[in-house]
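Everything on this sheet refers to the single structure shown next.
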Amino acid sequence: MTHNTLPLLHEVRHALKRLVRTGESTIIDLRAIPFGPGDEERLLGLLGQGEVMATLDSLGKTTVKESRFSGVWIVDHYNSEAERIAFQIEVIEIPELLRAQKEDMFESLDKLDMALDDEMHKPD
């Protein structure tokens, strides 16, 4: 049994303190932590569930959950074969994965322009 829950919570606390004081974000790779039986469940139980949860489906399923501690997020990513490829805690205002990408916004602007143009040229 490894009992890594308490040290991880201390690491999360230090990361959250750093984020609040300096704006510096932290990623803790949970796949690199040797969990013993029940450690992962205990950690996730202590972090709890916050108000925000998002599911993305891009090259596999990804869930991004806010913990009960604002600024502490759990990111769990699986590939298209349902194999976990990333499992991490992100201590950040909002995970980068949830931010709109500039390229996507430019593409959306073009699509919206075309939709508006199509609507304006439709017969009444």
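Going by the structure tokens order, chains are called A, B, ..., each with residues numbered from 1, while ligands are numbered from 1 in the order shown.
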Inset, instruction - Identify, with DSSP run on backbone atoms, the residues in chain A assigned to helix (DSSP H, G or I), and express the list as a count of residues only. - result: 52
Counting only C-alpha atoms, which residues of region 24-72 of chain A sit at most 7 Å from some atom of region 80-103 of chain A, and what is each one's closest atom pair with its distance in Å to one decimal, listed by chain and rising residue number, as a tab-separated table?
residue	atom	partner	partner_atom	distance
A:Ser25	CA	A:Ile92	CA	4.9
A:Thr26	CA	A:Val91	CA	5.1
A:Ile27	CA	A:Glu90	CA	4.6
A:Ile28	CA	A:Ile89	CA	5.1
A:Asp29	CA	A:Gln88	CA	4.6
A:Leu30	CA	A:Gln88	CA	4.9
A:Arg31	CA	A:Phe87	CA	5.8
A:Leu59	CA	A:Ser80	CA	5.6
A:Gly60	CA	A:Ser80	CA	4.2
A:Gly71	CA	A:Glu93	CA	5.0
A:Val72	CA	A:Val91	CA	4.6
Please dump the current selection as a compact mmCIF listing (two decimals), in the first residue's frame; keep C-alpha atoms.
# COMPACT_ATOMS: atom_id res chain seq x y z
CA SER A 25 -0.57 26.92 -12.98
CA THR A 26 0.47 23.36 -12.15
CA ILE A 27 -0.21 19.98 -13.71
CA ILE A 28 0.15 16.88 -11.55
CA ASP A 29 0.44 13.70 -13.62
CA LEU A 30 -1.51 11.09 -11.67
CA ARG A 31 -0.42 8.32 -14.03
CA LEU A 59 -9.71 11.20 -30.60
CA GLY A 60 -11.25 9.57 -27.53
CA GLY A 71 -9.13 26.12 -9.43
CA VAL A 72 -8.47 22.39 -8.95
Inset, instruction - Quote the spacing between CA of Gly50 (chain A) and CA of Leu9 (chain A) in Å to one decimal place. - result: 16.3 Å
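Across the model, the gap from CA of Val75 (chain A) to CA of Leu6 (chain A) is 19.5 Å.
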Inset, instruction - Give the strand (DSSP E) residues of chain A, as DSSP finds them on the backbone, and put them as number ranges by chain. - result: A: 26-29, 53-57, 61-66, 72-78, 84-91
